[in-house]
Each structure stands twice: as C-alpha cells, then as structure tokens.
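**Student:** Enclosed is the structure file query-v4.cif (mmCIF, C-alpha atoms).
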data_work
#
loop_
_atom_site.label_atom_id
_atom_site.label_comp_id
_atom_site.auth_asym_id
_atom_site.auth_seq_id
_atom_site.Cartn_x
_atom_site.Cartn_y
_atom_site.Cartn_z
CA MET A 1 -23.94 1.30 -13.22
CA ALA A 2 -24.68 2.41 -9.68
CA ASP A 3 -26.05 5.81 -8.67
CA ARG A 4 -27.93 6.34 -11.94
CA LEU A 5 -30.93 7.59 -9.99
CA ASN A 6 -29.17 9.92 -7.54
CA GLY A 7 -31.34 12.89 -6.67
CA THR A 8 -34.59 11.37 -7.88
CA ARG A 9 -37.70 10.44 -5.94
CA ILE A 10 -39.45 7.33 -7.25
CA LEU A 11 -42.97 6.39 -6.17
CA ILE A 12 -43.73 2.68 -6.11
CA LEU A 13 -47.11 1.17 -5.31
CA GLU A 14 -46.49 -1.82 -3.10
CA THR A 15 -48.16 -5.13 -3.87
CA ARG A 16 -46.22 -8.39 -3.93
CA GLU A 17 -42.64 -8.05 -5.09
CA GLU A 18 -42.02 -4.36 -4.48
CA ALA A 19 -39.69 -4.94 -1.53
CA GLN A 20 -37.10 -6.24 -3.99
CA PHE A 21 -37.95 -3.44 -6.42
CA SER A 22 -37.42 -0.85 -3.69
CA LYS A 23 -34.02 -2.35 -2.89
CA LEU A 24 -32.93 -2.26 -6.53
CA LEU A 25 -34.02 1.37 -6.89
CA ALA A 26 -32.26 2.38 -3.67
CA GLU A 27 -29.07 0.69 -4.89
CA GLN A 28 -29.17 3.09 -7.85
CA GLY A 29 -29.37 6.09 -5.53
CA ALA A 30 -33.12 6.76 -5.69
CA ASP A 31 -35.14 8.13 -2.82
CA VAL A 32 -37.92 5.52 -2.86
CA VAL A 33 -41.40 6.54 -1.75
CA GLN A 34 -43.38 3.41 -0.93
CA CYS A 35 -47.16 3.42 -0.98
CA PRO A 36 -49.06 0.26 -0.02
CA MET A 37 -51.92 -0.46 -2.41
CA PHE A 38 -53.46 -3.43 -0.65
CA THR A 39 -52.60 -6.51 1.29
CA ILE A 40 -53.06 -10.05 0.06
CA HIS A 41 -54.92 -12.66 2.09
CA ASP A 42 -55.75 -16.30 1.59
CA ALA A 43 -59.23 -16.95 0.26
CA PRO A 44 -61.56 -16.40 3.24
CA ASP A 45 -63.19 -19.78 2.61
CA PRO A 46 -60.45 -22.37 2.01
CA ALA A 47 -62.93 -25.15 1.21
CA PRO A 48 -63.18 -24.49 -2.58
CA VAL A 49 -59.40 -24.22 -2.83
CA GLU A 50 -58.90 -27.45 -0.90
CA ALA A 51 -61.49 -29.19 -3.06
CA TRP A 52 -59.62 -28.03 -6.18
CA ILE A 53 -56.36 -29.38 -4.75
CA ARG A 54 -57.96 -32.73 -3.99
CA ARG A 55 -59.42 -32.97 -7.50
CA ALA A 56 -55.97 -32.24 -8.91
CA VAL A 57 -54.44 -34.98 -6.75
CA ASP A 58 -57.16 -37.56 -7.36
CA LYS A 59 -57.19 -37.04 -11.13
CA PRO A 60 -54.30 -34.89 -12.40
CA PHE A 61 -55.26 -32.19 -14.85
CA ASP A 62 -54.25 -32.58 -18.47
CA ASP A 63 -53.15 -28.96 -18.45
CA LEU A 64 -52.43 -26.38 -15.74
CA VAL A 65 -52.69 -22.65 -16.46
CA LEU A 66 -51.13 -20.34 -13.88
CA MET A 67 -51.96 -16.63 -14.06
CA THR A 68 -49.79 -15.49 -11.11
CA GLY A 69 -46.94 -16.78 -9.02
CA GLU A 70 -48.80 -15.63 -5.91
CA GLY A 71 -51.64 -17.98 -6.82
CA LEU A 72 -49.47 -21.10 -6.92
CA ARG A 73 -47.74 -20.13 -3.68
CA ARG A 74 -51.10 -19.73 -1.92
CA ILE A 75 -52.28 -23.07 -3.29
CA MET A 76 -49.10 -24.78 -2.08
CA LYS A 77 -49.45 -23.13 1.34
CA LEU A 78 -52.89 -24.67 1.82
CA ALA A 79 -51.73 -28.00 0.40
CA ARG A 80 -48.92 -28.11 2.98
CA ALA A 81 -51.38 -27.29 5.77
CA ARG A 82 -53.51 -30.26 4.67
CA GLY A 83 -50.56 -32.59 4.18
CA LEU A 84 -51.18 -32.70 0.44
CA ASP A 85 -48.21 -30.75 -0.88
CA GLN A 86 -46.09 -33.67 -2.12
CA ALA A 87 -49.11 -35.38 -3.66
CA LEU A 88 -50.06 -32.13 -5.40
CA ILE A 89 -46.56 -31.58 -6.77
CA ALA A 90 -46.52 -35.16 -8.10
CA ALA A 91 -49.91 -34.60 -9.73
CA LEU A 92 -48.93 -31.27 -11.29
CA ALA A 93 -45.79 -32.87 -12.67
CA LYS A 94 -48.06 -34.95 -14.92
CA SER A 95 -49.80 -31.88 -16.39
CA ARG A 96 -48.70 -29.64 -19.20
CA LYS A 97 -48.02 -26.32 -17.52
CA PHE A 98 -48.62 -22.89 -19.04
CA THR A 99 -47.84 -19.57 -17.40
CA ARG A 100 -48.82 -15.94 -17.90
CA GLY A 101 -45.36 -14.42 -17.98
CA PRO A 102 -42.26 -15.35 -15.96
CA LYS A 103 -43.52 -14.93 -12.38
CA PRO A 104 -45.67 -18.10 -12.27
CA GLY A 105 -42.76 -19.95 -13.86
CA LYS A 106 -40.56 -18.86 -10.97
CA ALA A 107 -43.15 -20.15 -8.49
CA LEU A 108 -43.21 -23.49 -10.33
CA ARG A 109 -39.45 -23.81 -10.09
CA GLU A 110 -39.68 -23.23 -6.34
CA VAL A 111 -41.48 -26.59 -6.08
CA GLY A 112 -39.23 -28.34 -8.59
CA LEU A 113 -41.49 -28.01 -11.65
CA GLU A 114 -41.09 -26.29 -15.03
CA ALA A 115 -43.54 -24.61 -17.36
CA GLN A 116 -43.85 -26.13 -20.81
CA GLN A 117 -44.78 -22.78 -22.32
CA THR A 118 -44.90 -19.13 -21.22
CA THR A 119 -46.79 -16.32 -22.90
CA GLU A 120 -44.74 -13.95 -25.01
CA LYS A 121 -46.76 -11.14 -23.44
CA PRO A 122 -47.80 -11.48 -19.77
CA THR A 123 -51.47 -10.65 -20.35
CA THR A 124 -54.78 -12.53 -20.37
CA GLU A 125 -54.94 -11.92 -24.11
CA GLY A 126 -51.50 -13.49 -24.41
CA VAL A 127 -52.73 -16.58 -22.58
CA ILE A 128 -55.77 -16.83 -24.86
CA GLU A 129 -53.54 -16.52 -27.91
CA MET A 130 -51.06 -19.11 -26.63
CA LEU A 131 -53.71 -21.67 -25.75
CA GLY A 132 -55.72 -20.92 -28.88
CA LYS A 133 -53.01 -22.62 -30.93
CA LEU A 134 -53.47 -25.92 -29.08
CA GLU A 135 -55.96 -28.75 -29.41
CA LEU A 136 -57.87 -28.64 -26.12
CA LYS A 137 -61.04 -30.56 -26.92
CA GLY A 138 -61.87 -32.95 -24.12
CA ARG A 139 -58.90 -31.87 -21.97
CA ARG A 140 -59.26 -31.04 -18.28
CA ILE A 141 -57.65 -27.70 -17.51
CA GLY A 142 -56.80 -26.51 -14.03
CA LEU A 143 -56.96 -22.71 -14.15
CA GLN A 144 -55.62 -20.51 -11.36
CA LEU A 145 -57.23 -17.08 -11.34
CA TYR A 146 -56.45 -13.83 -9.52
CA PRO A 147 -58.72 -11.22 -7.84
CA ASP A 148 -60.31 -8.06 -9.24
CA LYS A 149 -60.45 -9.29 -12.82
CA ASP A 150 -63.28 -10.53 -15.01
CA HIS A 151 -61.89 -13.79 -16.38
CA GLY A 152 -64.91 -14.50 -18.56
CA ALA A 153 -63.00 -13.96 -21.81
CA LEU A 154 -60.38 -16.54 -20.84
CA THR A 155 -62.73 -19.19 -19.50
CA GLY A 156 -65.06 -18.61 -22.45
CA ALA A 157 -62.25 -19.07 -24.95
CA LEU A 158 -61.12 -22.32 -23.33
CA THR A 159 -64.66 -23.66 -23.15
CA ALA A 160 -65.21 -22.75 -26.79
CA GLN A 161 -62.19 -24.91 -27.64
CA GLY A 162 -63.89 -27.86 -25.97
CA ALA A 163 -61.90 -27.84 -22.73
CA ASP A 164 -63.30 -28.77 -19.32
CA VAL A 165 -62.17 -25.83 -17.17
CA ASP A 166 -61.71 -26.24 -13.41
CA SER A 167 -60.81 -22.84 -11.94
CA VAL A 168 -59.59 -21.77 -8.51
CA LEU A 169 -59.18 -18.36 -6.85
CA PRO A 170 -56.76 -18.88 -3.95
CA TYR A 171 -56.38 -15.33 -2.63
CA ILE A 172 -58.07 -11.95 -2.26
CA TYR A 173 -57.02 -8.30 -2.06
CA ASP A 174 -57.78 -6.11 0.97
CA SER A 175 -57.40 -2.47 -0.01
CA LYS A 176 -59.29 -0.37 2.54
CA ALA A 177 -56.44 0.05 5.00
CA ALA A 178 -54.21 1.63 2.37
CA ASP A 179 -56.43 4.55 1.35
CA ALA A 180 -54.74 7.15 3.57
CA SER A 181 -51.32 6.31 2.10
CA ILE A 182 -52.69 6.56 -1.44
CA VAL A 183 -54.19 10.00 -0.79
CA THR A 184 -50.80 11.17 0.55
CA ALA A 185 -49.08 9.80 -2.57
CA ILE A 186 -51.54 11.66 -4.80
CA ASP A 187 -50.73 14.89 -2.93
CA ASP A 188 -47.02 14.25 -3.49
CA LEU A 189 -47.62 13.78 -7.21
CA ALA A 190 -49.78 16.87 -7.53
CA GLU A 191 -47.28 19.04 -5.67
CA GLY A 192 -44.32 17.92 -7.80
CA ARG A 193 -42.51 15.97 -5.11
CA ILE A 194 -42.20 12.83 -7.27
CA ASP A 195 -39.92 12.45 -10.31
CA SER A 196 -41.32 9.13 -11.53
CA ILE A 197 -44.01 6.63 -10.68
CA ALA A 198 -43.05 3.02 -11.43
CA LEU A 199 -45.88 0.55 -12.07
CA THR A 200 -45.29 -3.18 -12.06
CA ASN A 201 -48.78 -4.65 -12.35
CA LEU A 202 -52.12 -3.51 -13.72
CA GLY A 203 -53.87 -3.86 -10.35
CA GLN A 204 -51.85 -0.89 -9.13
CA VAL A 205 -53.30 1.32 -11.85
CA ARG A 206 -56.86 0.28 -11.08
CA ARG A 207 -56.38 0.71 -7.37
CA LEU A 208 -54.85 4.16 -7.75
CA ILE A 209 -57.74 5.37 -9.90
CA GLU A 210 -60.38 3.81 -7.64
CA ALA A 211 -58.92 5.37 -4.49
CA ALA A 212 -58.62 8.76 -6.17
CA LYS A 213 -62.27 8.66 -7.24
CA ALA A 214 -63.40 7.51 -3.80
CA HIS A 215 -61.68 10.47 -2.14
CA GLY A 216 -62.52 13.09 -4.74
CA SER A 217 -58.90 13.34 -5.85
CA GLU A 218 -59.03 12.09 -9.43
CA ALA A 219 -58.43 15.52 -10.97
CA LYS A 220 -55.51 16.07 -8.62
CA LEU A 221 -54.10 12.65 -9.50
CA ARG A 222 -54.31 13.27 -13.24
CA ALA A 223 -52.70 16.69 -12.85
CA GLY A 224 -49.88 15.13 -10.86
CA LEU A 225 -49.32 12.39 -13.44
CA GLU A 226 -49.14 15.01 -16.19
CA ARG A 227 -45.93 16.34 -14.64
CA THR A 228 -44.48 12.96 -13.60
CA LEU A 229 -42.58 10.35 -15.63
CA ILE A 230 -44.83 7.27 -15.83
CA ALA A 231 -42.86 4.02 -16.06
CA SER A 232 -44.59 0.75 -16.95
CA VAL A 233 -43.05 -2.70 -16.65
CA GLY A 234 -44.88 -4.04 -19.70
CA PRO A 235 -47.92 -4.22 -21.97
CA ALA A 236 -50.46 -5.30 -19.37
CA VAL A 237 -49.74 -2.23 -17.25
CA SER A 238 -49.51 0.06 -20.29
CA GLY A 239 -52.83 -1.25 -21.55
CA GLU A 240 -54.48 -0.53 -18.23
CA LEU A 241 -53.02 2.98 -18.20
CA ALA A 242 -54.38 3.58 -21.69
CA ALA A 243 -57.80 2.28 -20.64
CA HIS A 244 -57.93 5.11 -18.10
CA GLY A 245 -56.70 7.71 -20.55
CA LEU A 246 -53.18 7.76 -19.15
CA ARG A 247 -49.92 7.51 -21.05
CA THR A 248 -46.81 5.38 -20.65
CA ASP A 249 -43.57 7.37 -20.85
CA VAL A 250 -41.07 4.54 -20.53
CA SER A 251 -41.04 0.76 -20.44
CA PRO A 252 -38.24 -1.82 -20.69
CA ALA A 253 -36.44 -2.19 -24.01
CA ASP A 254 -36.50 -5.38 -26.09
CA GLU A 255 -39.65 -6.72 -24.39
CA ALA A 256 -37.63 -7.44 -21.23
CA TYR A 257 -40.52 -7.06 -18.80
CA PHE A 258 -38.57 -7.18 -15.56
CA MET A 259 -37.56 -4.79 -12.81
CA ARG A 260 -33.90 -4.24 -13.74
CA PRO A 261 -34.65 -3.32 -17.38
CA LEU A 262 -37.43 -1.05 -16.13
CA ILE A 263 -34.96 0.73 -13.86
CA SER A 264 -32.54 1.16 -16.76
CA ALA A 265 -35.29 2.70 -18.89
CA MET A 266 -36.28 5.04 -16.06
CA ALA A 267 -32.69 6.12 -15.45
CA ALA A 268 -32.18 6.96 -19.13
CA ALA A 269 -35.43 8.92 -19.35
CA LEU A 270 -34.86 10.85 -16.13
CA ALA A 271 -31.33 11.75 -17.19
CA GLU A 272 -32.76 13.45 -20.26
CA ARG A 273 -35.10 15.58 -18.22
CA LYS A 274 -34.11 19.04 -17.08
CA PRO A 275 -33.15 19.33 -13.41
CA ARG A 276 -36.19 19.82 -11.26
CA THR A 277 -36.64 23.14 -9.47
CA THR A 278 -39.64 22.28 -7.32
CA THR A 279 -38.95 22.39 -3.60
CA ARG A 280 -39.55 19.07 -1.95
#
If you convert what's in this file into structure tokens, what do you get?

**Tutor:**
Amino acid sequence: MADRLNGTRILILETREEAQFSKLLAEQGADVVQCPMFTIHDAPDPAPVEAWIRRAVDKPFDDLVLMTGEGLRRIMKLARARGLDQALIAALAKSRKFTRGPKPGKALREVGLEAQQTTEKPTTEGVIEMLGKLELKGRRIGLQLYPDKDHGALTGALTAQGADVDSVLPYIYDSKAADASIVTAIDDLAEGRIDSIALTNLGQVRRLIEAAKAHGSEAKLRAGLERTLIASVGPAVSGELAAHGLRTDVSPADEAYFMRPLISAMAAALAERKPRTTTR
C-alpha cells in the first residue's frame, strides 16, 4: 500500500544498498534523510587478493564461505581486471558455497552460481553454527571477510574443526569524509526532526557511535535516539544496538530480514504513534 509513510522523516545511514532503500521509502511517501556513513574502496594492496584468486583457480577450494555480497563483487572486479574472471567462476563452481544471509547469495547468482546453504540468521554466529554441523577436517575453505570486524571467533572455530582456512579481505571502509554529515544527523535526531532511524547493517551502528564519541556528541545522540523510533533489519543489527545499550523498536516480522518487510514494520509502528508536534 503506497503512501504509508506520508508525513514522516526517515533517517537512513548510507552504505552499500541504501540507494534502493531510499527509493522504496520515498515510494511510500517518506521524506528520506540520507547520511553517508563511509565509502567503500578496493583493498589498497591488491596483491593479497590477486594471490587468493590465483590459489582458488589453481586448486579450487573444497568450500567457499562468503560473508558479504560486496566482497564477492570486489573479488570478481579484480579477477576481471586480471583476465581471471571466467577461470575463477569455473573454480568456484566446484566448491560448496555457504553464505551469511541472502546478500552474498544474490552476488553469487550474478555470476551464475548458487549457494548450497545460507545461514538462518545473517550473523557471524549463524555462520559458525551452520558450519559447525559439517565435517570440515582436512577441507580447504576459502573465506571472504569484511572490514572493521574481528573474525577470530569464526576462523578459530573453523580451524578447531580441522579445516585449512584461506581468508581474503577484498575491500576497506573510508569513513573520515562523512563525519560532518553524521554530526548534522545527530543534531536532527536530538532536535526531534526525525521520526525514525532505519538501520540495515551493524557497521552503521558502530560508525554512528564512533563518530558521536569523536565529536563529543554521544550524549546528544543517545538523547535523540530516546525520542526516535529505531528500526532494525535483523538480529545482527539489533545485537549491535544492544551491545551499545540501545534498543530496537521494530524489525521485520517472520524473520524476513529484507528492506520491504522492514518498511512495513516501520509504517505500522509509526501509524500507532501520536502525531508529532515538533517543528521541523
């Protein structure tokens, strides 16, 4: 149903897929306030990524574990630049493929491949649980990682199962340029100019807290969030919020951790709230 969000201002913290999210929100009548969190760049030194690609081609992994769709896309970008993309796709076709949630699965389908298994919950813990049920002793595992996360628990769990883990980190985050926009967004929250903040990955939560602390605005941020509907796309984001002492007000029903169900949950929750009186 269109126009469910008429008269509301929704803050989204831009990372990878928020352009589509913004479009979906606007289609429902929302006034979307976009705040860039960081930009994504290829790994500054492509040599380790290229070496990983060549190892995958020369001796295909028994198993491939993808943590993000962005990671596979960055790997394929470098493979194409080196003329190795078709060889890499052929090699990955021979591996069992496991994904942390649906986004890496989408990236696989873009190159004509399918995941054999996807985590029920798109978290590192979900990946550990999924792989913990398998016999991995002696198997070579290609593991794609993502920035700003300690992956020791995952690599340790796989190693403890007897796997030979070959990891790759194909991209980095650059956050410094976005600080001014984040400070402005915190002011908007604190002054009641935002009806809801919609969070679609845990890195957004960390980045928001880090920027607030760096600029002496953490108290202002927390005060603003107290008066704002906090919407989380799923358990990874909600867990990160809880780790910082913040609540989740709404998340998608029936474990449907996608943007459209999140929008439906937000629309229902905002409709129950009293009309806002704060001047924007």

**Student:** Assuming the chain letters and numbering stay as they are in my file, what does the PyMOL selection byres ((chain A and resi 171) around 12) actually select? List them as a PDB file with C-alpha atoms, keeping the file's coordinate frame.

**Tutor:**
ATOM      1  CA  THR A  39     -52.600  -6.510   1.290  1.00  0.00           C
ATOM      2  CA  ILE A  40     -53.060 -10.050   0.060  1.00  0.00           C
ATOM      3  CA  HIS A  41     -54.920 -12.660   2.090  1.00  0.00           C
ATOM      4  CA  ASP A  42     -55.750 -16.300   1.590  1.00  0.00           C
ATOM      5  CA  ALA A  43     -59.230 -16.950   0.260  1.00  0.00           C
ATOM      6  CA  PRO A  44     -61.560 -16.400   3.240  1.00  0.00           C
ATOM      7  CA  ASP A  45     -63.190 -19.780   2.610  1.00  0.00           C
ATOM      8  CA  PRO A  46     -60.450 -22.370   2.010  1.00  0.00           C
ATOM      9  CA  PRO A  48     -63.180 -24.490  -2.580  1.00  0.00           C
ATOM     10  CA  VAL A  49     -59.400 -24.220  -2.830  1.00  0.00           C
ATOM     11  CA  THR A  68     -49.790 -15.490 -11.110  1.00  0.00           C
ATOM     12  CA  GLY A  69     -46.940 -16.780  -9.020  1.00  0.00           C
ATOM     13  CA  GLU A  70     -48.800 -15.630  -5.910  1.00  0.00           C
ATOM     14  CA  GLY A  71     -51.640 -17.980  -6.820  1.00  0.00           C
ATOM     15  CA  LEU A  72     -49.470 -21.100  -6.920  1.00  0.00           C
ATOM     16  CA  ARG A  73     -47.740 -20.130  -3.680  1.00  0.00           C
ATOM     17  CA  ARG A  74     -51.100 -19.730  -1.920  1.00  0.00           C
ATOM     18  CA  ILE A  75     -52.280 -23.070  -3.290  1.00  0.00           C
ATOM     19  CA  MET A  76     -49.100 -24.780  -2.080  1.00  0.00           C
ATOM     20  CA  LYS A  77     -49.450 -23.130   1.340  1.00  0.00           C
ATOM     21  CA  LEU A  78     -52.890 -24.670   1.820  1.00  0.00           C
ATOM     22  CA  GLN A 144     -55.620 -20.510 -11.360  1.00  0.00           C
ATOM     23  CA  LEU A 145     -57.230 -17.080 -11.340  1.00  0.00           C
ATOM     24  CA  TYR A 146     -56.450 -13.830  -9.520  1.00  0.00           C
ATOM     25  CA  PRO A 147     -58.720 -11.220  -7.840  1.00  0.00           C
ATOM     26  CA  ASP A 148     -60.310  -8.060  -9.240  1.00  0.00           C
ATOM     27  CA  VAL A 168     -59.590 -21.770  -8.510  1.00  0.00           C
ATOM     28  CA  LEU A 169     -59.180 -18.360  -6.850  1.00  0.00           C
ATOM     29  CA  PRO A 170     -56.760 -18.880  -3.950  1.00  0.00           C
ATOM     30  CA  ILE A 172     -58.070 -11.950  -2.260  1.00  0.00           C
ATOM     31  CA  TYR A 173     -57.020  -8.300  -2.060  1.00  0.00           C
ATOM     32  CA  ASP A 174     -57.780  -6.110   0.970  1.00  0.00           C
TER      33      ASP A 174
END

**Student:** Quick one: which residues end up in the PyMOL selection byres ((chain A and resi 93) around 12) for this structure, as number ranges by chain?

**Tutor:** A: 56-57, 60-64, 86-92, 94-97, 108-109, 111-116

**Student:** Export, as a PDB file, in the coordinates of the input, the selected residues with C-alpha atoms.

**Tutor:**
ATOM      1  CA  ALA A  56     -55.970 -32.240  -8.910  1.00  0.00           C
ATOM      2  CA  VAL A  57     -54.440 -34.980  -6.750  1.00  0.00           C
ATOM      3  CA  PRO A  60     -54.300 -34.890 -12.400  1.00  0.00           C
ATOM      4  CA  PHE A  61     -55.260 -32.190 -14.850  1.00  0.00           C
ATOM      5  CA  ASP A  62     -54.250 -32.580 -18.470  1.00  0.00           C
ATOM      6  CA  ASP A  63     -53.150 -28.960 -18.450  1.00  0.00           C
ATOM      7  CA  LEU A  64     -52.430 -26.380 -15.740  1.00  0.00           C
ATOM      8  CA  GLN A  86     -46.090 -33.670  -2.120  1.00  0.00           C
ATOM      9  CA  ALA A  87     -49.110 -35.380  -3.660  1.00  0.00           C
ATOM     10  CA  LEU A  88     -50.060 -32.130  -5.400  1.00  0.00           C
ATOM     11  CA  ILE A  89     -46.560 -31.580  -6.770  1.00  0.00           C
ATOM     12  CA  ALA A  90     -46.520 -35.160  -8.100  1.00  0.00           C
ATOM     13  CA  ALA A  91     -49.910 -34.600  -9.730  1.00  0.00           C
ATOM     14  CA  LEU A  92     -48.930 -31.270 -11.290  1.00  0.00           C
ATOM     15  CA  LYS A  94     -48.060 -34.950 -14.920  1.00  0.00           C
ATOM     16  CA  SER A  95     -49.800 -31.880 -16.390  1.00  0.00           C
ATOM     17  CA  ARG A  96     -48.700 -29.640 -19.200  1.00  0.00           C
ATOM     18  CA  LYS A  97     -48.020 -26.320 -17.520  1.00  0.00           C
ATOM     19  CA  LEU A 108     -43.210 -23.490 -10.330  1.00  0.00           C
ATOM     20  CA  ARG A 109     -39.450 -23.810 -10.090  1.00  0.00           C
ATOM     21  CA  VAL A 111     -41.480 -26.590  -6.080  1.00  0.00           C
ATOM     22  CA  GLY A 112     -39.230 -28.340  -8.590  1.00  0.00           C
ATOM     23  CA  LEU A 113     -41.490 -28.010 -11.650  1.00  0.00           C
ATOM     24  CA  GLU A 114     -41.090 -26.290 -15.030  1.00  0.00           C
ATOM     25  CA  ALA A 115     -43.540 -24.610 -17.360  1.00  0.00           C
ATOM     26  CA  GLN A 116     -43.850 -26.130 -20.810  1.00  0.00           C
TER      27      GLN A 116
END

**Student:** Could you check how far atom CA of A:Met266 sits from atom CA of A:Leu66, in Å to one decimal?

**Tutor:**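 It comes out at 29.5 Å.
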
**Student:** Neighbouring residues of stretch 177-191 of chain A were defined as those with any atom within 7 Å, considering all atoms listed in the file; residues of the same chain fewer than 6 positions away were excluded. Please report them as a list in words.

**Tutor:**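 Counting only the stated atoms, we get Cys35, Pro36, Met37, Phe38, Ala211, Lys220, Leu221, Ala223, Gly224 and Leu225 of chain A.
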
**Student:** Could you state the separation of atom CA of A:Val127 and atom CA of A:Met67 in Å, given to one decimal place?

**Tutor:**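 That distance, rounded to one decimal, is 8.6 Å.
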
**Student:** Nearest to A:Gly192 among A:Asp166, A:Glu218, A:Asp249, A:Glu226, with distances taken over only C-alpha atoms: which residue is it?

**Tutor:**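 Result for the nearest residue to A:Gly192: A:Glu226.
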
**Student:** Taking into account only C-alpha atoms, which residue in the set A:Ser238, A:Ser175, A:Ser196, A:Ser22 is nearest to A:Leu208?

**Tutor:** A:Ser175

**Student:** Rounded to one decimal, what separation in Å do you get between atom CA of A:Thr8 and atom CA of A:Ala198?

**Tutor:**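 These two atoms are separated by 12.4 Å.
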